[in-house]
file query_35.cif (mmCIF, C-alpha atoms)
data_model
loop_
_atom_site.group_PDB
_atom_site.id
_atom_site.type_symbol
_atom_site.label_atom_id
_atom_site.label_comp_id
_atom_site.auth_asym_id
_atom_site.auth_seq_id
_atom_site.Cartn_x
_atom_site.Cartn_y
_atom_site.Cartn_z
ATOM 1 C CA MET A 911 8.938 2.609 -6.153
ATOM 2 C CA ALA A 912 7.722 3.690 -9.584
ATOM 3 C CA LEU A 913 6.842 1.302 -12.358
ATOM 4 C CA ASN A 914 9.334 1.333 -15.211
ATOM 5 C CA LYS A 915 7.496 2.522 -18.314
ATOM 6 C CA ALA A 916 8.797 2.695 -21.872
ATOM 7 C CA ARG A 917 7.688 2.815 -25.476
ATOM 8 C CA LEU A 918 7.533 -0.600 -27.056
ATOM 9 C CA ASP A 919 10.007 0.257 -29.826
ATOM 10 C CA ARG A 920 12.610 1.456 -27.323
ATOM 11 C CA PHE A 921 12.204 -1.646 -25.203
ATOM 12 C CA LEU A 922 12.536 -4.035 -28.178
ATOM 13 C CA ALA A 923 15.393 -2.104 -29.749
ATOM 14 C CA GLN A 924 17.355 -2.322 -26.514
ATOM 15 C CA TYR A 925 16.410 -5.918 -25.787
ATOM 16 C CA CYS A 926 17.210 -7.209 -29.297
ATOM 17 C CA GLN A 927 20.032 -4.747 -29.987
ATOM 18 C CA ILE A 928 18.412 -3.651 -33.243
ATOM 19 C CA SER A 929 17.278 -0.344 -34.754
ATOM 20 C CA ARG A 930 13.786 1.052 -34.293
ATOM 21 C CA LYS A 931 13.283 0.625 -38.034
ATOM 22 C CA ASP A 932 13.834 -3.106 -37.551
ATOM 23 C CA VAL A 933 11.340 -3.056 -34.678
ATOM 24 C CA ARG A 934 8.694 -1.603 -37.015
ATOM 25 C CA LEU A 935 9.310 -4.488 -39.424
ATOM 26 C CA MET A 936 9.133 -6.964 -36.539
ATOM 27 C CA LEU A 937 5.701 -5.697 -35.583
ATOM 28 C CA ALA A 938 4.511 -5.730 -39.193
ATOM 29 C CA LYS A 939 5.350 -9.431 -39.325
ATOM 30 C CA ASN A 940 3.178 -10.136 -36.222
ATOM 31 C CA ARG A 941 6.124 -11.390 -34.211
ATOM 32 C CA VAL A 942 5.343 -9.575 -30.941
ATOM 33 C CA LYS A 943 2.488 -9.978 -28.474
ATOM 34 C CA ILE A 944 1.706 -7.784 -25.475
ATOM 35 C CA ASN A 945 -0.432 -9.477 -22.847
ATOM 36 C CA GLY A 946 -1.503 -12.042 -25.430
ATOM 37 C CA VAL A 947 -2.474 -9.496 -28.105
ATOM 38 C CA LEU A 948 -0.534 -8.890 -31.306
ATOM 39 C CA ALA A 949 1.372 -5.611 -31.093
ATOM 40 C CA HIS A 950 1.286 -3.220 -34.060
ATOM 41 C CA ASP A 951 1.903 0.204 -32.512
ATOM 42 C CA ILE A 952 5.548 1.107 -31.933
ATOM 43 C CA ASP A 953 4.374 3.911 -29.623
ATOM 44 C CA GLU A 954 2.552 1.520 -27.288
ATOM 45 C CA ILE A 955 3.526 2.102 -23.664
ATOM 46 C CA ILE A 956 4.562 -0.954 -21.688
ATOM 47 C CA ASP A 957 5.541 -1.303 -18.046
ATOM 48 C CA THR A 958 7.144 -3.704 -15.608
ATOM 49 C CA PHE A 959 4.140 -6.049 -15.628
ATOM 50 C CA SER A 960 3.485 -6.162 -19.378
ATOM 51 C CA HIS A 961 3.772 -9.779 -20.560
ATOM 52 C CA ILE A 962 5.793 -9.694 -23.787
ATOM 53 C CA THR A 963 6.559 -12.490 -26.237
ATOM 54 C CA LEU A 964 8.696 -12.495 -29.371
ATOM 55 C CA ASP A 965 8.196 -15.316 -31.850
ATOM 56 C CA GLY A 966 6.343 -17.189 -29.142
ATOM 57 C CA GLN A 967 9.178 -16.871 -26.622
ATOM 58 C CA VAL A 968 8.610 -14.947 -23.403
ATOM 59 C CA ILE A 969 10.984 -11.997 -23.056
ATOM 60 C CA GLN A 970 9.295 -10.303 -20.087
ATOM 61 C CA ALA A 971 6.994 -11.887 -17.516
ATOM 62 C CA ASN A 972 7.161 -10.014 -14.229
ATOM 63 C CA SER A 973 4.416 -10.666 -11.712
ATOM 64 C CA ALA A 974 2.713 -8.194 -9.401
ATOM 65 C CA HIS A 975 2.666 -9.264 -5.743
ATOM 66 C CA TYR A 976 0.274 -8.193 -2.988
ATOM 67 C CA ILE A 977 0.829 -9.231 0.632
ATOM 68 C CA MET A 978 -1.140 -8.765 3.853
ATOM 69 C CA LEU A 979 0.855 -8.822 7.104
ATOM 70 C CA ASN A 980 -0.234 -8.685 10.734
ATOM 71 C CA LYS A 981 2.523 -6.444 12.105
ATOM 72 C CA PRO A 982 3.458 -6.961 15.749
ATOM 73 C CA VAL A 983 4.504 -4.174 18.090
ATOM 74 C CA GLY A 984 8.295 -3.707 18.029
ATOM 75 C CA VAL A 985 8.699 -4.340 14.287
ATOM 76 C CA VAL A 986 9.484 -1.374 12.044
ATOM 77 C CA SER A 987 7.718 -0.578 8.791
ATOM 78 C CA ALA A 988 10.900 -0.438 6.739
ATOM 79 C CA THR A 989 12.784 -2.592 4.270
ATOM 80 C CA GLN A 990 16.028 -2.322 6.260
ATOM 81 C CA ASP A 991 16.893 -1.297 9.804
ATOM 82 C CA SER A 992 20.089 -1.731 11.808
ATOM 83 C CA GLN A 993 18.356 -1.901 15.205
ATOM 84 C CA HIS A 994 14.965 -3.541 14.781
ATOM 85 C CA LYS A 995 13.358 -6.404 12.916
ATOM 86 C CA THR A 996 11.527 -5.135 9.827
ATOM 87 C CA VAL A 997 8.274 -6.197 8.185
ATOM 88 C CA ILE A 998 10.364 -7.570 5.308
ATOM 89 C CA ASP A 999 12.240 -9.803 7.778
ATOM 90 C CA LEU A 1000 8.920 -11.401 8.751
ATOM 91 C CA LEU A 1001 8.058 -12.479 5.211
ATOM 92 C CA GLU A 1002 8.852 -15.911 3.803
ATOM 93 C CA GLN A 1003 8.111 -15.204 0.133
ATOM 94 C CA PRO A 1004 11.124 -15.473 -2.203
ATOM 95 C CA PHE A 1005 10.239 -12.146 -3.846
ATOM 96 C CA LYS A 1006 10.079 -10.201 -0.561
ATOM 97 C CA ASN A 1007 12.996 -7.909 -1.407
ATOM 98 C CA GLU A 1008 11.069 -6.609 -4.443
ATOM 99 C CA LEU A 1009 8.317 -5.212 -2.231
ATOM 100 C CA HIS A 1010 7.611 -1.798 -0.767
ATOM 101 C CA ILE A 1011 5.277 -0.877 2.086
ATOM 102 C CA VAL A 1012 1.825 0.573 1.481
ATOM 103 C CA GLY A 1013 1.400 3.018 4.351
ATOM 104 C CA ARG A 1014 3.679 2.530 7.306
ATOM 105 C CA LEU A 1015 2.795 1.860 10.922
ATOM 106 C CA ASP A 1016 4.772 3.180 13.885
ATOM 107 C CA LEU A 1017 7.076 0.868 15.841
ATOM 108 C CA ASN A 1018 4.536 0.544 18.663
ATOM 109 C CA THR A 1019 1.473 0.183 16.408
ATOM 110 C CA SER A 1020 0.242 -3.263 15.400
ATOM 111 C CA GLY A 1021 -2.061 -4.582 12.728
ATOM 112 C CA LEU A 1022 -2.618 -4.552 8.994
ATOM 113 C CA VAL A 1023 0.319 -3.724 6.745
ATOM 114 C CA LEU A 1024 0.203 -4.187 2.978
ATOM 115 C CA LEU A 1025 3.248 -4.769 0.788
ATOM 116 C CA THR A 1026 3.490 -4.825 -2.994
ATOM 117 C CA ASN A 1027 5.735 -4.218 -5.989
ATOM 118 C CA ASP A 1028 2.894 -2.427 -7.818
ATOM 119 C CA SER A 1029 3.349 1.309 -7.241
ATOM 120 C CA ARG A 1030 0.138 2.267 -9.048
ATOM 121 C CA TRP A 1031 -1.858 0.161 -6.601
ATOM 122 C CA SER A 1032 -0.055 1.512 -3.540
ATOM 123 C CA GLU A 1033 -0.505 5.124 -4.673
ATOM 124 C CA ARG A 1034 -4.217 4.545 -5.161
ATOM 125 C CA LEU A 1035 -4.443 3.411 -1.543
ATOM 126 C CA THR A 1036 -2.249 6.024 0.108
ATOM 127 C CA LEU A 1037 -2.895 9.351 -1.630
ATOM 128 C CA PRO A 1038 -5.506 11.341 0.359
ATOM 129 C CA GLU A 1039 -7.400 12.418 -2.765
ATOM 130 C CA HIS A 1040 -8.455 8.793 -3.326
ATOM 131 C CA LYS A 1041 -10.124 8.801 0.112
ATOM 132 C CA VAL A 1042 -9.304 5.212 1.035
ATOM 133 C CA SER A 1043 -10.114 4.903 4.726
ATOM 134 C CA LYS A 1044 -7.976 3.277 7.424
ATOM 135 C CA ARG A 1045 -9.654 1.947 10.549
ATOM 136 C CA TYR A 1046 -7.883 1.684 13.902
ATOM 137 C CA ILE A 1047 -8.713 0.290 17.322
ATOM 138 C CA VAL A 1048 -7.350 2.628 19.987
ATOM 139 C CA SER A 1049 -6.850 1.893 23.696
ATOM 140 C CA LEU A 1050 -6.538 4.891 26.017
ATOM 141 C CA LYS A 1051 -5.250 5.710 29.473
ATOM 142 C CA ASN A 1052 -8.260 7.795 30.546
ATOM 143 C CA LYS A 1053 -11.986 7.514 29.997
ATOM 144 C CA LEU A 1054 -13.486 8.620 26.695
ATOM 145 C CA HIS A 1055 -16.237 11.233 26.461
ATOM 146 C CA THR A 1056 -18.760 11.982 23.747
ATOM 147 C CA GLU A 1057 -17.190 15.369 22.910
ATOM 148 C CA TYR A 1058 -14.324 13.452 21.291
ATOM 149 C CA ILE A 1059 -16.701 12.460 18.486
ATOM 150 C CA SER A 1060 -17.421 15.968 17.241
ATOM 151 C CA ALA A 1061 -13.807 17.097 17.679
ATOM 152 C CA PHE A 1062 -12.562 14.292 15.447
ATOM 153 C CA ALA A 1063 -15.341 14.928 12.922
ATOM 154 C CA GLU A 1064 -14.498 18.634 12.664
ATOM 155 C CA GLY A 1065 -10.764 18.061 12.190
ATOM 156 C CA MET A 1066 -7.946 19.445 14.297
ATOM 157 C CA TYR A 1067 -5.408 22.134 13.517
ATOM 158 C CA PHE A 1068 -1.746 21.082 13.785
ATOM 159 C CA GLY A 1069 0.357 24.206 14.072
ATOM 160 C CA PHE A 1070 3.693 22.533 13.348
ATOM 161 C CA GLU A 1071 2.570 21.567 9.822
ATOM 162 C CA ASP A 1072 0.032 24.428 9.569
ATOM 163 C CA ILE A 1073 -2.710 22.021 8.470
ATOM 164 C CA THR A 1074 -6.138 20.983 9.660
ATOM 165 C CA THR A 1075 -6.777 17.251 9.623
ATOM 166 C CA LYS A 1076 -9.540 15.922 7.433
ATOM 167 C CA PRO A 1077 -12.720 14.805 9.224
ATOM 168 C CA ALA A 1078 -12.280 11.506 11.072
ATOM 169 C CA LYS A 1079 -14.948 9.204 12.427
ATOM 170 C CA LEU A 1080 -14.652 8.185 16.077
ATOM 171 C CA THR A 1081 -16.855 5.478 17.574
ATOM 172 C CA ILE A 1082 -16.675 4.782 21.300
ATOM 173 C CA ILE A 1083 -16.420 1.045 21.993
ATOM 174 C CA ASN A 1084 -16.187 1.296 25.778
ATOM 175 C CA ASP A 1085 -14.843 3.703 28.391
ATOM 176 C CA TYR A 1086 -11.222 3.140 27.375
ATOM 177 C CA GLN A 1087 -11.396 1.982 23.776
ATOM 178 C CA ALA A 1088 -12.474 3.614 20.520
ATOM 179 C CA GLU A 1089 -12.556 2.919 16.805
ATOM 180 C CA VAL A 1090 -11.127 5.670 14.587
ATOM 181 C CA GLU A 1091 -11.551 5.835 10.820
ATOM 182 C CA LEU A 1092 -9.589 8.355 8.761
ATOM 183 C CA ILE A 1093 -8.446 8.919 5.184
ATOM 184 C CA GLU A 1094 -5.017 10.414 5.847
ATOM 185 C CA GLY A 1095 -1.990 9.501 7.884
ATOM 186 C CA ARG A 1096 -0.245 12.504 9.386
ATOM 187 C CA TYR A 1097 2.742 11.998 11.667
ATOM 188 C CA HIS A 1098 1.462 10.282 14.853
ATOM 189 C CA GLN A 1099 -1.933 11.689 13.920
ATOM 190 C CA ILE A 1100 -4.162 9.571 16.145
ATOM 191 C CA LYS A 1101 -1.912 9.957 19.178
ATOM 192 C CA ARG A 1102 -1.753 13.715 18.664
ATOM 193 C CA MET A 1103 -5.524 14.011 18.255
ATOM 194 C CA PHE A 1104 -6.161 12.218 21.529
ATOM 195 C CA GLY A 1105 -3.365 14.290 23.028
ATOM 196 C CA ARG A 1106 -5.618 17.340 22.664
ATOM 197 C CA PHE A 1107 -7.675 15.780 25.454
ATOM 198 C CA GLN A 1108 -4.576 14.880 27.511
ATOM 199 C CA ASN A 1109 -5.497 11.251 26.954
ATOM 200 C CA ALA A 1110 -2.539 9.030 26.148
ATOM 201 C CA VAL A 1111 -2.848 6.190 23.652
ATOM 202 C CA THR A 1112 -1.738 2.949 25.291
ATOM 203 C CA ALA A 1113 -2.268 0.682 22.267
ATOM 204 C CA LEU A 1114 -2.973 1.283 18.577
ATOM 205 C CA HIS A 1115 -3.992 -1.402 16.090
ATOM 206 C CA ARG A 1116 -4.881 -0.983 12.400
ATOM 207 C CA ALA A 1117 -7.877 -3.197 11.678
ATOM 208 C CA SER A 1118 -8.573 -2.448 8.019
ATOM 209 C CA ILE A 1119 -7.627 -0.494 4.916
ATOM 210 C CA GLY A 1120 -10.484 0.387 2.603
ATOM 211 C CA ASN A 1121 -12.706 -2.659 2.245
ATOM 212 C CA LEU A 1122 -9.971 -5.037 3.388
ATOM 213 C CA PRO A 1123 -9.982 -6.133 7.044
ATOM 214 C CA LEU A 1124 -7.008 -7.803 8.659
ATOM 215 C CA ASP A 1125 -7.450 -11.571 8.359
ATOM 216 C CA SER A 1126 -8.416 -12.790 11.840
ATOM 217 C CA GLU A 1127 -6.600 -16.064 11.192
ATOM 218 C CA LEU A 1128 -3.232 -14.322 10.883
ATOM 219 C CA SER A 1129 -1.325 -14.304 14.152
ATOM 220 C CA ALA A 1130 1.060 -11.439 14.884
ATOM 221 C CA GLY A 1131 3.966 -11.694 12.443
ATOM 222 C CA GLN A 1132 2.133 -13.882 9.935
ATOM 223 C CA SER A 1133 1.299 -12.904 6.356
ATOM 224 C CA ARG A 1134 -0.475 -14.167 3.269
ATOM 225 C CA ILE A 1135 -0.941 -13.301 -0.404
ATOM 226 C CA LEU A 1136 -4.057 -11.300 -1.239
ATOM 227 C CA THR A 1137 -6.638 -12.772 -3.569
ATOM 228 C CA SER A 1138 -7.350 -11.026 -6.878
ATOM 229 C CA VAL A 1139 -10.784 -10.040 -5.543
ATOM 230 C CA GLU A 1140 -9.186 -8.388 -2.499
ATOM 231 C CA VAL A 1141 -6.663 -6.538 -4.667
ATOM 232 C CA ASN A 1142 -9.349 -5.184 -6.997
ATOM 233 C CA ASN A 1143 -11.971 -4.312 -4.393
ATOM 234 C CA ILE A 1144 -9.942 -2.847 -1.542
ATOM 235 C CA GLY A 1145 -10.303 0.777 -2.593
ATOM 236 C CA LYS A 1146 -13.901 0.712 -3.800
#
call {"tool": "encode", "arguments": {"input": "query_35.cif", "output": "structure tokens"}}
result
Amino acid sequence: MALNKARLDRFLAQYCQISRKDVRLMLAKNRVKINGVLAHDIDEIIDTFSHITLDGQVIQANSAHYIMLNKPVGVVSATQDSQHKTVIDLLEQPFKNELHIVGRLDLNTSGLVLLTNDSRWSERLTLPEHKVSKRYIVSLKNKLHTEYISAFAEGMYFGFEDITTKPAKLTIINDYQAEVELIEGRYHQIKRMFGRFQNAVTALHRASIGNLPLDSELSAGQSRILTSVEVNNIGK
């Protein structure tokens, strides 16, 4: 979901049903403020979250929303689905239908899901070039061995897509459980990487995104609004 961007003069001309020449005069008379600052440049670019007032009256005041959800197994990362409950269905916030999902989880994967209406923020977290890590706890059918560590670190070639995965960090927790940290999210990537060792994943849980861990106080299916500190620091 992209943010709607526009030049200030086009926005005001459409909103007030006036000419752009009249908009220029409006700005010259100090009638318009953008985010609390007097607007003078008709070419100024505004977006969905720009707070705009005209003669002291608010004409646009959309808020950005950021939600953390503990997704249970069996819930789909989608806004609508005819067969399964969706992450949107789990939310209680009145603005939930404005949100999109920041990096989906498979039906049978649990853990941290983020939702927002701020596409710039979600792109910063999901595009591989920004190198925001995702950390998973993986349970496996067979015993782990130390050679897994170097194989994950080197990357693996996936012939179907003709790509080699970026280096991933694997830490063995115990014989049947590992922590995996990666900066991309190829189709069933973790399951396919363990599949190279004929070792089936029996449970997969996303524990963190960037610097943001899943809140341990959130039970499966519960959610909460992120703090401003969490929003600003997650990708650092």
call {"tool": "residues_around", "arguments": {"input": "query_35.cif", "residues": "range 938-949 of chain A", "least_positions_apart": "4", "cutoff": "6 Å", "atoms": "only C-alpha atoms", "output": "PyMOL selection string"}}
result
chain A and resi 961-965
call {"tool": "closest_residue", "arguments": {"input": "query_35.cif", "among": "A:Ala1113, A:Ile1119, A:Leu1009, A:Val1090", "to": "Thr1036 in chain A", "atoms": "all atoms listed in the file"}}
result
A:Ile1119
call {"tool": "atom_distance", "arguments": {"input": "query_35.cif", "atom1": "CA of Asn1143 in chain A", "atom2": "CA of Asn1121 in chain A"}}
result
6.9 Å
call {"tool": "closest_residue", "arguments": {"input": "query_35.cif", "among": "A:Leu1037, A:Lys915, A:Asp953, A:Gly1013", "to": "Val933 in chain A", "atoms": "only C-alpha atoms"}}
result
A:Asp953
call {"tool": "atom_distance", "arguments": {"input": "query_35.cif", "atom1": "CA of Ser973 in chain A", "atom2": "CA of Leu937 in chain A"}}
result
24.4 Å
call {"tool": "closest_residue", "arguments": {"input": "query_35.cif", "among": "A:Val1111, A:Ala974, A:Thr1056, A:Ala923", "to": "Ile1083 in chain A", "atoms": "only C-alpha atoms"}}
result
A:Thr1056
call {"tool": "resolve_selection", "arguments": {"input": "query_35.cif", "expression": "the PyMOL selection byres ((chain A and resi 1011) around 10)", "output": "ChimeraX atom specification"}}
result
/A:911,977,987-989,997-998,1009-1010,1012-1015,1023-1027,1029,1032
call {"tool": "atom_distance", "arguments": {"input": "query_35.cif", "atom1": "CA of Ile969 in chain A", "atom2": "CA of Ser929 in chain A"}}
result
17.7 Å
call {"tool": "closest_residue", "arguments": {"input": "query_35.cif", "among": "A:Ile928, A:Leu1122, A:Phe959, A:Ser1129", "to": "Lys1044 in chain A", "atoms": "all atoms listed in the file"}}
result
A:Leu1122
call {"tool": "resolve_selection", "arguments": {"input": "query_35.cif", "expression": "the PyMOL selection byres ((chain A and resi 1077) around 9)", "output": "PyMOL selection string"}}
result
chain A and resi 1061-1066+1075-1076+1078-1079+1092-1093
call {"tool": "resolve_selection", "arguments": {"input": "query_35.cif", "expression": "the PyMOL selection byres ((chain A and resi 1050) around 6)", "output": "PyMOL selection string"}}
result
chain A and resi 1049+1051-1052+1086+1110-1112
call {"tool": "residues_around", "arguments": {"input": "query_35.cif", "residues": "Thr1081 in chain A", "least_positions_apart": "6", "cutoff": "9 Å", "atoms": "only C-alpha atoms", "output": "PDB file with C-alpha atoms, in the coordinates of the input"}}
result
ATOM      1  CA  ILE A1059     -16.701  12.460  18.486  1.00  0.00           C
ATOM      2  CA  GLN A1087     -11.396   1.982  23.776  1.00  0.00           C
ATOM      3  CA  ALA A1088     -12.474   3.614  20.520  1.00  0.00           C
ATOM      4  CA  GLU A1089     -12.556   2.919  16.805  1.00  0.00           C
ATOM      5  CA  VAL A1090     -11.127   5.670  14.587  1.00  0.00           C
ATOM      6  CA  GLU A1091     -11.551   5.835  10.820  1.00  0.00           C
TER       7      GLU A1091
END
call {"tool": "closest_residue", "arguments": {"input": "query_35.cif", "among": "A:Ile955, A:Ile1073, A:Met978, A:Cys926", "to": "Glu1140 in chain A", "atoms": "all atoms listed in the file"}}
result
A:Met978
call {"tool": "axis_aligned_box", "arguments": {"input": "query_35.cif", "around": "range 1040-1053 of chain A", "padding_each_side": "5 Å", "output": "AutoDock Vina command-line options"}}
result
--center_x -8.6 --center_y 4.5 --center_z 13.6 --size_x 16.7 --size_y 18.5 --size_z 43.9
call {"tool": "residues_around", "arguments": {"input": "query_35.cif", "residues": "Lys981 in chain A", "least_positions_apart": "3", "cutoff": "8 Å", "atoms": "all atoms listed in the file", "output": "PDB file with C-alpha atoms, keeping the file's coordinate frame"}}
result
ATOM      1  CA  VAL A 985       8.699  -4.340  14.287  1.00  0.00           C
ATOM      2  CA  VAL A 997       8.274  -6.197   8.185  1.00  0.00           C
ATOM      3  CA  THR A1019       1.473   0.183  16.408  1.00  0.00           C
ATOM      4  CA  SER A1020       0.242  -3.263  15.400  1.00  0.00           C
ATOM      5  CA  GLY A1021      -2.061  -4.582  12.728  1.00  0.00           C
ATOM      6  CA  LEU A1022      -2.618  -4.552   8.994  1.00  0.00           C
ATOM      7  CA  VAL A1023       0.319  -3.724   6.745  1.00  0.00           C
ATOM      8  CA  ALA A1130       1.060 -11.439  14.884  1.00  0.00           C
ATOM      9  CA  GLY A1131       3.966 -11.694  12.443  1.00  0.00           C
ATOM     10  CA  GLN A1132       2.133 -13.882   9.935  1.00  0.00           C
TER      11      GLN A1132
END
call {"tool": "closest_residue", "arguments": {"input": "query_35.cif", "among": "A:Asn1018, A:Asn1007, A:Ser1060, A:Ser1133", "to": "Ile1082 in chain A", "atoms": "all atoms listed in the file"}}
result
A:Ser1060
call {"tool": "decode", "arguments": {"input": "query_35.cif", "residues": "range 984-1035 of chain A", "atoms": "C-alpha atoms", "output": "PDB file, in the first residue's frame"}}
result
ATOM      1  CA  GLY A 984      -3.582 -21.786  11.731  1.00  0.00           C
ATOM      2  CA  VAL A 985      -4.101 -18.057  11.102  1.00  0.00           C
ATOM      3  CA  VAL A 986      -3.198 -16.676   7.678  1.00  0.00           C
ATOM      4  CA  SER A 987      -1.144 -13.556   7.062  1.00  0.00           C
ATOM      5  CA  ALA A 988      -3.739 -11.911   4.847  1.00  0.00           C
ATOM      6  CA  THR A 989      -6.351  -9.188   5.073  1.00  0.00           C
ATOM      7  CA  GLN A 990      -9.096 -11.485   3.749  1.00  0.00           C
ATOM      8  CA  ASP A 991      -9.467 -15.236   3.374  1.00  0.00           C
ATOM      9  CA  SER A 992     -12.525 -17.373   2.661  1.00  0.00           C
ATOM     10  CA  GLN A 993     -11.249 -20.450   4.527  1.00  0.00           C
ATOM     11  CA  HIS A 994      -9.129 -19.323   7.461  1.00  0.00           C
ATOM     12  CA  LYS A 995      -9.107 -16.682  10.159  1.00  0.00           C
ATOM     13  CA  THR A 996      -6.765 -13.827   9.224  1.00  0.00           C
ATOM     14  CA  VAL A 997      -4.425 -11.676  11.298  1.00  0.00           C
ATOM     15  CA  ILE A 998      -6.805  -8.766  10.669  1.00  0.00           C
ATOM     16  CA  ASP A 999      -9.646 -10.795  12.225  1.00  0.00           C
ATOM     17  CA  LEU A1000      -7.622 -11.036  15.444  1.00  0.00           C
ATOM     18  CA  LEU A1001      -7.279  -7.275  15.864  1.00  0.00           C
ATOM     19  CA  GLU A1002      -9.635  -5.167  17.961  1.00  0.00           C
ATOM     20  CA  GLN A1003      -8.493  -1.721  16.805  1.00  0.00           C
ATOM     21  CA  PRO A1004     -11.138   0.313  14.941  1.00  0.00           C
ATOM     22  CA  PHE A1005      -8.635   1.187  12.197  1.00  0.00           C
ATOM     23  CA  LYS A1006      -7.650  -2.438  11.498  1.00  0.00           C
ATOM     24  CA  ASN A1007      -8.983  -2.449   7.935  1.00  0.00           C
ATOM     25  CA  GLU A1008      -6.544   0.357   7.036  1.00  0.00           C
ATOM     26  CA  LEU A1009      -3.553  -1.854   7.803  1.00  0.00           C
ATOM     27  CA  HIS A1010      -1.285  -4.020   5.690  1.00  0.00           C
ATOM     28  CA  ILE A1011       1.081  -6.775   6.810  1.00  0.00           C
ATOM     29  CA  VAL A1012       4.814  -6.209   7.162  1.00  0.00           C
ATOM     30  CA  GLY A1013       6.296  -9.528   6.074  1.00  0.00           C
ATOM     31  CA  ARG A1014       3.965 -12.483   6.104  1.00  0.00           C
ATOM     32  CA  LEU A1015       4.249 -15.732   8.020  1.00  0.00           C
ATOM     33  CA  ASP A1016       3.087 -19.099   6.700  1.00  0.00           C
ATOM     34  CA  LEU A1017      -0.142 -20.653   7.978  1.00  0.00           C
ATOM     35  CA  ASN A1018       1.776 -23.060  10.225  1.00  0.00           C
ATOM     36  CA  THR A1019       4.329 -20.503  11.467  1.00  0.00           C
ATOM     37  CA  SER A1020       3.699 -18.586  14.681  1.00  0.00           C
ATOM     38  CA  GLY A1021       5.130 -15.468  16.235  1.00  0.00           C
ATOM     39  CA  LEU A1022       5.775 -11.815  15.534  1.00  0.00           C
ATOM     40  CA  VAL A1023       3.744 -10.121  12.818  1.00  0.00           C
ATOM     41  CA  LEU A1024       3.762  -6.359  12.300  1.00  0.00           C
ATOM     42  CA  LEU A1025       0.926  -4.393  10.716  1.00  0.00           C
ATOM     43  CA  THR A1026       0.840  -0.750   9.678  1.00  0.00           C
ATOM     44  CA  ASN A1027      -0.675   1.785   7.298  1.00  0.00           C
ATOM     45  CA  ASP A1028       2.752   3.392   6.751  1.00  0.00           C
ATOM     46  CA  SER A1029       4.215   1.895   3.571  1.00  0.00           C
ATOM     47  CA  ARG A1030       7.541   3.717   3.904  1.00  0.00           C
ATOM     48  CA  TRP A1031       8.108   2.049   7.267  1.00  0.00           C
ATOM     49  CA  SER A1032       7.109  -1.404   6.032  1.00  0.00           C
ATOM     50  CA  GLU A1033       9.359  -1.134   2.966  1.00  0.00           C
ATOM     51  CA  ARG A1034      12.292  -0.169   5.162  1.00  0.00           C
ATOM     52  CA  LEU A1035      11.773  -3.371   7.138  1.00  0.00           C
TER      53      LEU A1035
END
